[in-house]
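Undergrad: Sharing a structure with you now.
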There are 2 protein chains.
Amino acid sequence: MGRVVVDVMPKPEILDPQGKAVANALPRLGFGQFTAVRQGKRFELEVDGPVTPEVLEAAAAAAEQVLSNPVIEDVVRVADIEADAAATVASQGLA
Amino acid sequence: MGRVVVDVMPKPEILDPQGKAVANALPRLGFGQFTAVRQGKRFELEVDGPVTPEVLEAAAAAAEQVLSNPVIEDVVRVADIEADAAATVASQGLA
């Protein structure tokens with residue numbers, strides 16, 4: 001069983017009220033170092049079997065056609081979740 | 001200027017109606033290979049200057065305390081966006 005991650009973010013020129021609200025809350029809560037926040041979506045798509053190049057291609061198509069609104073959003077990542085795990089391990093060493 | 005990515009997903013035992021709706025829509029739209037979908041959130045936090053271990057630590061704390069609801073959500077990743085970029089390049093070669 002494989003999993004594909006699709007990340008979708010609001011385009012830079014689009015207002016992001018959710019991100020703005022978080023950005024305003026962070027300094028009040030002791031996190032003054034963060035100067036801006038954008039909030040997007042993360043999807044995890046499950047497939048039977050391994051994540052082949054064909055599966056990634058289908059996920060990229062689904063990301064453009066179903067998971068994002070291309071007028072206001074960009075698909076910023078389509079990847080096998082295994083690649084993701086490597087980055088997580090790197091960051092958890094610091095947490 | 002650096003950016004930290006924080007990914008938050010609903011816990012596995014928590015119902016995810018948004019993900020369910022997407023999972024039901026995909027086969028109708030020609031993407032029958034995806035058997036399940038979970039939908040979470042992706043935050044991008046901007047800092048002045050580079051992403052140091054201290055920044056990642058603050059981001060991990062903000063992720064637990066502000067960006068997620070620990071009763072129903074897990075923080076699945078806190079990482080420098082550069083690590084993310086490597087994974088994106090890998091997947092774009094296939095898209």
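So you can find residues: chains in the structure tokens are A, B, ... in the order shown, residues in each start at 1, and ligands are numbered from 1 in order.
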Could you list, as a CSV table (one decimal) with N, CA, C and O atoms, in the first residue's frame, every residue of chain A that has an atom within 6 Å of an atom of chain B, counting only C-alpha atoms?

TA:
chain,number,residue,atom,x,y,z
A,34,PHE,N,8.1,34.7,13.6
A,34,PHE,CA,7.4,34.4,12.3
A,34,PHE,C,6.7,35.6,11.7
A,34,PHE,O,5.8,36.1,12.3
A,35,THR,N,7.2,36.0,10.6
A,35,THR,CA,6.7,37.3,10.0
A,35,THR,C,5.5,37.2,9.1
A,35,THR,O,4.8,38.2,8.8
A,36,ALA,N,5.3,36.0,8.6
A,36,ALA,CA,4.2,35.8,7.7
A,36,ALA,C,3.8,34.3,7.7
A,36,ALA,O,4.6,33.5,7.9
A,37,VAL,N,2.5,34.1,7.5
A,37,VAL,CA,2.0,32.7,7.4
A,37,VAL,C,1.1,32.5,6.2
A,37,VAL,O,0.2,33.4,6.0
A,38,ARG,N,1.2,31.4,5.5
A,38,ARG,CA,0.2,31.1,4.5
A,38,ARG,C,-0.3,29.7,4.9
A,38,ARG,O,0.4,28.8,5.3
A,39,GLN,N,-1.6,29.5,4.7
A,39,GLN,CA,-2.2,28.2,5.0
A,39,GLN,C,-2.8,27.6,3.7
A,39,GLN,O,-3.6,28.2,3.0
A,40,GLY,N,-2.4,26.4,3.5
A,40,GLY,CA,-2.9,25.6,2.3
A,40,GLY,C,-3.4,24.3,2.8
A,40,GLY,O,-3.7,24.0,3.9
A,41,LYS,N,-3.5,23.3,1.8
A,41,LYS,CA,-4.0,22.0,2.1
A,41,LYS,C,-3.0,20.9,1.8
A,41,LYS,O,-2.2,21.1,0.9
A,42,ARG,N,-3.1,19.9,2.5
A,42,ARG,CA,-2.3,18.7,2.3
A,42,ARG,C,-3.2,17.5,2.1
A,42,ARG,O,-4.1,17.2,3.0
A,43,PHE,N,-3.1,16.8,1.0
A,43,PHE,CA,-3.9,15.6,0.7
A,43,PHE,C,-3.0,14.4,0.8
A,43,PHE,O,-1.9,14.4,0.3
A,44,GLU,N,-3.5,13.3,1.4
A,44,GLU,CA,-2.8,12.0,1.2
A,44,GLU,C,-3.7,11.0,0.5
A,44,GLU,O,-4.8,10.7,0.9
A,45,LEU,N,-3.2,10.6,-0.7
A,45,LEU,CA,-4.0,9.7,-1.5
A,45,LEU,C,-3.4,8.3,-1.4
A,45,LEU,O,-2.2,8.1,-1.6
A,46,GLU,N,-4.3,7.3,-1.1
A,46,GLU,CA,-3.8,5.9,-0.9
A,46,GLU,C,-4.0,5.1,-2.1
A,46,GLU,O,-5.1,5.2,-2.8
A,47,VAL,N,-3.1,4.3,-2.5
A,47,VAL,CA,-3.2,3.3,-3.6
A,47,VAL,C,-2.9,1.9,-3.1
A,47,VAL,O,-2.1,1.7,-2.2
A,57,GLU,N,1.8,10.3,-11.8
A,57,GLU,CA,1.3,11.1,-12.9
A,57,GLU,C,-0.3,11.3,-12.8
A,57,GLU,O,-0.8,12.4,-13.0
A,77,ARG,N,3.4,20.5,-4.6
A,77,ARG,CA,4.1,19.3,-4.5
A,77,ARG,C,3.2,18.0,-4.7
A,77,ARG,O,2.1,18.0,-4.3
A,78,VAL,N,3.8,17.1,-5.5
A,78,VAL,CA,3.1,15.8,-5.7
A,78,VAL,C,4.3,14.8,-5.5
A,78,VAL,O,5.2,14.8,-6.3
A,79,ALA,N,4.2,14.0,-4.4
A,79,ALA,CA,5.4,13.1,-4.1
A,79,ALA,C,5.0,11.9,-3.4
A,79,ALA,O,4.0,11.8,-2.7
A,88,THR,N,11.0,14.4,7.3
A,88,THR,CA,10.5,14.4,8.7
A,88,THR,C,11.5,14.0,9.7
A,88,THR,O,11.6,14.6,10.8
A,91,SER,N,13.9,16.7,10.5
A,91,SER,CA,13.4,17.8,11.4
A,91,SER,C,13.1,17.3,12.8
A,91,SER,O,13.2,18.0,13.7
A,95,ALA,N,13.6,18.6,17.0
A,95,ALA,CA,12.4,19.0,17.8
A,95,ALA,C,12.5,18.6,19.3
A,95,ALA,O,13.4,17.8,19.6

Undergrad: Could you pull out all residues of chain B with a DSSP call of strand (DSSP E) and give them as a ChimeraX atom specification?

TA: /B:2-10,34-47,73-80

Undergrad: Next, dump the selected residues to file, keeping only C-alpha atoms, as a PDB file, in the first residue's frame.

TA:
ATOM      1  CA  GLY B   2      13.600  31.382   5.227  1.00  0.00           C
ATOM      2  CA  ARG B   3      10.433  29.361   5.288  1.00  0.00           C
ATOM      3  CA  VAL B   4       9.334  26.462   7.473  1.00  0.00           C
ATOM      4  CA  VAL B   5       6.642  24.004   6.408  1.00  0.00           C
ATOM      5  CA  VAL B   6       4.319  22.540   9.031  1.00  0.00           C
ATOM      6  CA  ASP B   7       1.976  19.728   7.978  1.00  0.00           C
ATOM      7  CA  VAL B   8      -1.002  18.779  10.134  1.00  0.00           C
ATOM      8  CA  MET B   9      -3.242  15.771   9.441  1.00  0.00           C
ATOM      9  CA  PRO B  10      -6.383  14.422  11.154  1.00  0.00           C
ATOM     10  CA  PHE B  34      -6.986   6.007  -5.296  1.00  0.00           C
ATOM     11  CA  THR B  35      -8.659   3.962  -2.585  1.00  0.00           C
ATOM     12  CA  ALA B  36      -8.665   6.495   0.258  1.00  0.00           C
ATOM     13  CA  VAL B  37      -8.000  10.185   0.810  1.00  0.00           C
ATOM     14  CA  ARG B  38      -7.193  12.165   3.948  1.00  0.00           C
ATOM     15  CA  GLN B  39      -7.200  15.951   3.921  1.00  0.00           C
ATOM     16  CA  GLY B  40      -5.080  18.026   6.280  1.00  0.00           C
ATOM     17  CA  LYS B  41      -3.423  21.410   6.434  1.00  0.00           C
ATOM     18  CA  ARG B  42      -0.116  22.796   5.280  1.00  0.00           C
ATOM     19  CA  PHE B  43       1.330  25.965   6.815  1.00  0.00           C
ATOM     20  CA  GLU B  44       4.255  27.967   5.521  1.00  0.00           C
ATOM     21  CA  LEU B  45       5.861  30.138   8.220  1.00  0.00           C
ATOM     22  CA  GLU B  46       8.217  32.873   7.087  1.00  0.00           C
ATOM     23  CA  VAL B  47      11.191  34.126   9.110  1.00  0.00           C
ATOM     24  CA  GLU B  73      -4.795  16.199  14.736  1.00  0.00           C
ATOM     25  CA  ASP B  74      -1.166  15.105  14.430  1.00  0.00           C
ATOM     26  CA  VAL B  75       1.726  17.313  13.391  1.00  0.00           C
ATOM     27  CA  VAL B  76       3.268  15.093  10.730  1.00  0.00           C
ATOM     28  CA  ARG B  77       6.095  17.333   9.579  1.00  0.00           C
ATOM     29  CA  VAL B  78       8.105  20.399  10.549  1.00  0.00           C
ATOM     30  CA  ALA B  79      10.826  21.110   8.005  1.00  0.00           C
ATOM     31  CA  ASP B  80      12.859  23.734   6.219  1.00  0.00           C
TER      32      ASP B  80
END

Undergrad: What does the distance between atom CA of B:Gln18 and atom CA of A:Ile72 come to in Å, to one decimal place?

TA: 19.1 Å
